[in-house]
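Undergrad: Contents are mmCIF, C-alpha atoms; file name run_6.cif:
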```cif
data_protein
#
loop_
_atom_site.label_atom_id
_atom_site.label_comp_id
_atom_site.auth_asym_id
_atom_site.auth_seq_id
_atom_site.Cartn_x
_atom_site.Cartn_y
_atom_site.Cartn_z
CA MET A 768 -0.01 -28.59 1.71
CA SER A 769 -0.40 -25.31 3.57
CA GLU A 770 2.46 -22.84 3.65
CA ILE A 771 4.04 -22.51 7.09
CA ARG A 772 6.74 -19.86 7.34
CA SER A 773 9.70 -20.58 9.60
CA GLU A 774 10.22 -16.92 10.62
CA LEU A 775 6.77 -16.72 12.24
CA LYS A 776 5.35 -18.00 15.52
CA TYR A 777 1.96 -19.70 15.72
CA VAL A 778 -0.88 -20.71 18.02
CA ALA A 779 -2.99 -23.85 17.74
CA SER A 780 -6.06 -21.71 16.92
CA HIS A 781 -4.34 -20.91 13.58
CA GLU A 782 -3.14 -17.34 14.08
CA TRP A 783 0.42 -16.36 13.15
CA VAL A 784 2.61 -13.78 14.90
CA ARG A 785 5.51 -11.82 13.38
CA ASP A 786 7.83 -9.97 15.76
CA GLU A 787 8.49 -6.54 14.24
CA GLY A 788 11.52 -5.97 16.49
CA ASP A 789 10.16 -2.74 18.00
CA GLY A 790 7.98 -4.16 20.77
CA THR A 791 5.09 -4.79 18.39
CA VAL A 792 3.87 -7.90 16.60
CA THR A 793 1.72 -8.35 13.51
CA ILE A 794 -1.03 -10.98 13.65
CA GLY A 795 -3.03 -12.76 10.98
CA ILE A 796 -4.55 -16.13 10.18
CA THR A 797 -2.45 -18.90 8.71
CA ASP A 798 -2.59 -20.32 5.23
CA HIS A 799 -4.02 -23.51 6.78
CA ALA A 800 -6.80 -21.50 8.45
CA GLN A 801 -7.81 -19.70 5.28
CA GLU A 802 -7.88 -23.04 3.40
CA LEU A 803 -10.20 -24.51 6.05
CA LEU A 804 -12.45 -21.44 6.03
CA GLY A 805 -12.78 -21.10 2.27
CA ASP A 806 -13.54 -17.71 0.72
CA VAL A 807 -13.37 -15.03 3.42
CA VAL A 808 -16.24 -12.55 2.97
CA PHE A 809 -16.01 -10.42 6.12
CA VAL A 810 -13.50 -9.70 8.88
CA GLU A 811 -14.39 -8.03 12.17
CA LEU A 812 -11.20 -6.58 13.64
CA PRO A 813 -10.59 -5.15 17.11
CA GLU A 814 -10.54 -1.40 17.72
CA VAL A 815 -7.21 0.42 17.87
CA GLY A 816 -6.54 0.95 21.58
CA ALA A 817 -8.29 -2.28 22.64
CA GLU A 818 -6.31 -4.39 25.09
CA PHE A 819 -6.34 -8.17 25.16
CA ALA A 820 -4.88 -10.97 27.21
CA ALA A 821 -3.44 -13.90 25.28
CA GLY A 822 -6.25 -16.22 24.18
CA GLU A 823 -9.06 -13.68 24.35
CA ASP A 824 -11.50 -13.19 21.48
CA ALA A 825 -10.21 -10.35 19.30
CA GLY A 826 -12.51 -10.52 16.30
CA VAL A 827 -14.36 -12.70 13.82
CA VAL A 828 -13.57 -14.08 10.38
CA GLU A 829 -16.59 -14.97 8.25
CA SER A 830 -16.36 -17.13 5.17
CA VAL A 831 -18.79 -18.73 2.79
CA LYS A 832 -18.57 -21.84 5.00
CA ALA A 833 -18.63 -20.51 8.58
CA ALA A 834 -17.83 -17.78 11.07
CA SER A 835 -14.73 -18.33 13.18
CA ASP A 836 -13.45 -16.45 16.21
CA LEU A 837 -10.12 -14.67 15.95
CA TYR A 838 -7.99 -14.90 19.10
CA ALA A 839 -5.23 -12.67 20.44
CA PRO A 840 -2.16 -14.92 20.54
CA VAL A 841 -0.34 -12.51 22.89
CA SER A 842 -1.28 -9.88 25.45
CA GLY A 843 -1.12 -6.21 24.61
CA GLU A 844 -2.72 -3.15 23.08
CA VAL A 845 -3.90 -2.99 19.47
CA VAL A 846 -1.90 -0.25 17.74
CA ALA A 847 -3.02 -0.80 14.13
CA ILE A 848 -5.58 -2.70 12.09
CA ASN A 849 -5.53 -3.63 8.43
CA ASP A 850 -8.19 -1.31 6.99
CA GLN A 851 -7.82 -2.97 3.58
CA LEU A 852 -9.72 -6.00 4.88
CA GLU A 853 -12.89 -3.95 5.22
CA ASP A 854 -13.21 -3.59 1.45
CA SER A 855 -11.10 -6.60 0.44
CA PRO A 856 -11.53 -9.43 2.98
CA GLU A 857 -10.34 -11.86 0.30
CA LEU A 858 -6.77 -10.68 1.05
CA ALA A 859 -6.90 -13.12 3.97
CA ASN A 860 -7.13 -15.88 1.33
CA SER A 861 -4.83 -14.57 -1.38
CA ASP A 862 -1.98 -13.28 0.82
CA PRO A 863 -2.45 -14.44 4.44
CA TYR A 864 1.14 -13.65 5.46
CA GLY A 865 1.41 -10.33 3.63
CA GLU A 866 -1.39 -7.94 2.60
CA GLY A 867 -3.89 -10.11 4.48
CA TRP A 868 -2.52 -9.36 7.96
CA PHE A 869 -5.17 -8.49 10.57
CA PHE A 870 -3.80 -6.29 13.36
CA ARG A 871 -0.69 -5.16 15.26
CA VAL A 872 -0.23 -5.34 19.01
CA LYS A 873 2.20 -3.57 21.33
CA LEU A 874 3.31 -6.44 23.54
CA SER A 875 2.70 -6.17 27.25
CA ASP A 876 4.88 -9.22 27.97
CA GLN A 877 7.68 -10.09 25.53
CA ALA A 878 8.12 -13.46 27.30
CA GLU A 879 4.80 -14.64 25.83
CA MET A 880 6.56 -14.88 22.45
CA ASP A 881 8.58 -17.80 23.84
CA GLU A 882 5.34 -19.68 24.58
CA LEU A 883 4.15 -19.61 20.96
CA LEU A 884 4.59 -22.53 18.58
CA SER A 885 7.49 -22.82 16.17
CA ALA A 886 6.78 -23.59 12.52
CA ASP A 887 7.58 -27.28 13.13
CA ALA A 888 5.30 -27.49 16.17
CA TYR A 889 2.49 -25.75 14.27
CA SER A 890 2.97 -28.15 11.35
CA ASP A 891 2.39 -31.00 13.81
CA VAL A 892 -0.88 -29.35 14.94
CA CYS A 893 -2.04 -29.15 11.33
CA ASP A 894 -1.02 -32.76 10.65
CA ASP A 895 -2.98 -33.91 13.71
CA GLU A 896 -6.12 -32.27 12.29
CA SER A 897 -5.84 -34.11 8.97
#
```
Just give me the structure of the file as structure tokens.

TA:
Amino acid sequence: MSEIRSELKYVASHEWVRDEGDGTVTIGITDHAQELLGDVVFVELPEVGAEFAAGEDAGVVESVKAASDLYAPVSGEVVAINDQLEDSPELANSDPYGEGWFFRVKLSDQAEMDELLSADAYSDVCDDES
């Protein structure tokens, strides 16, 4: 069973969002996503300064099984990326909610956070895929 953390918000495309409380959010892929992908071998992250609308392509995650698009779960400007993933993409597998985070976004619309899935709702999405 995949780990789903109650303090995070989620989207059905398997990204998680952590509100940092300062107008920014940290984004990564869920434990369920990394299990489906298998061993992550490369991560293409957005550029710092890039702006996205919620749902837009923001990068790519490549594994031994497949390449998968990474989506921006919220609208805003990228203010940081996880440089560690360049040399250690396997962090997305070993610590998806910690050292394996992908990027941070300065929110352009805080209200979008209310539209994201709760842990329970995301669990239902995962169950429906089984």

Undergrad: Which of these, A:Ser835, A:Gln851, A:Ser769, A:Gln877, has the shortest distance to Asp786 (chain A) once you count only C-alpha atoms?

TA: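 Answer, going by the shortest atom-to-atom distance: A:Gln877.
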
Undergrad: Counting all atoms listed in the file, I want the residues whose atoms come within 8 Å of (-15.0, -9.6, 3.7) in the file frame, returned as a count of residues only.

TA: 12

Undergrad: Can you turn the PyMOL selection byres ((chain A and resi 859) around 9) into a concrete residue list for this file, as a compact mmCIF listing (two decimals) with C-alpha atoms, keeping the file's coordinate frame?

TA:
```txt
# COMPACT_ATOMS: atom_id res chain seq x y z
CA GLY A 795 -3.03 -12.76 10.98
CA ILE A 796 -4.55 -16.13 10.18
CA THR A 797 -2.45 -18.90 8.71
CA ASP A 798 -2.59 -20.32 5.23
CA GLN A 801 -7.81 -19.70 5.28
CA ASP A 806 -13.54 -17.71 0.72
CA VAL A 807 -13.37 -15.03 3.42
CA VAL A 810 -13.50 -9.70 8.88
CA LEU A 852 -9.72 -6.00 4.88
CA SER A 855 -11.10 -6.60 0.44
CA PRO A 856 -11.53 -9.43 2.98
CA GLU A 857 -10.34 -11.86 0.30
CA LEU A 858 -6.77 -10.68 1.05
CA ASN A 860 -7.13 -15.88 1.33
CA SER A 861 -4.83 -14.57 -1.38
CA ASP A 862 -1.98 -13.28 0.82
CA PRO A 863 -2.45 -14.44 4.44
CA TYR A 864 1.14 -13.65 5.46
CA GLY A 865 1.41 -10.33 3.63
CA GLU A 866 -1.39 -7.94 2.60
CA GLY A 867 -3.89 -10.11 4.48
CA TRP A 868 -2.52 -9.36 7.96
CA PHE A 869 -5.17 -8.49 10.57
```

Undergrad: Just to confirm, what's the straight-line distance from CA of Arg785 (chain A) to CA of Gly805 (chain A) in Å (one decimal)?

TA: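 Answer for the CA of Arg785 (chain A) to CA of Gly805 (chain A) separation: 23.3 Å.
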
Undergrad: List the residues sitting within 9 Å of (-6.7, -11.0, 12.9) in the file's frame, using all atoms listed in the file, as a list in words.

TA: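 Residues lying no farther than 9 Å from the given point: Glu782, Trp783, Thr793, Ile794, Gly795, Ile796, Val810, Glu811, Leu812, Pro813, Ala825, Gly826, Val827, Val828, Leu837, Tyr838, Ala839, Ile848, Asn849, Gly867, Trp868, Phe869, Phe870 and Arg871 of chain A.
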
Undergrad: Hey, which of A:Ser885, A:Ser773, A:Ser890, A:Thr791 ends up closest to Ser842 (chain A)? Count only C-alpha atoms.

TA: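 So, comparing all the options, the nearest one is A:Thr791.
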
Undergrad: Just how far from CA of Gly790 (chain A) is CA of Glu879 (chain A), in Å to one decimal?

TA: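 Spanning CA of Glu879 (chain A) to CA of Gly790 (chain A) is a straight-line distance of 12.1 Å.
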
Undergrad: For the provided coordinates, the residues matched by the PyMOL selection byres ((chain A and resi 817) around 9) should be stated as a list in words.

TA: Pro813, Glu814, Val815, Gly816, Glu818, Phe819, Ala825, Gly843, Glu844, Val845 and Val846 of chain A
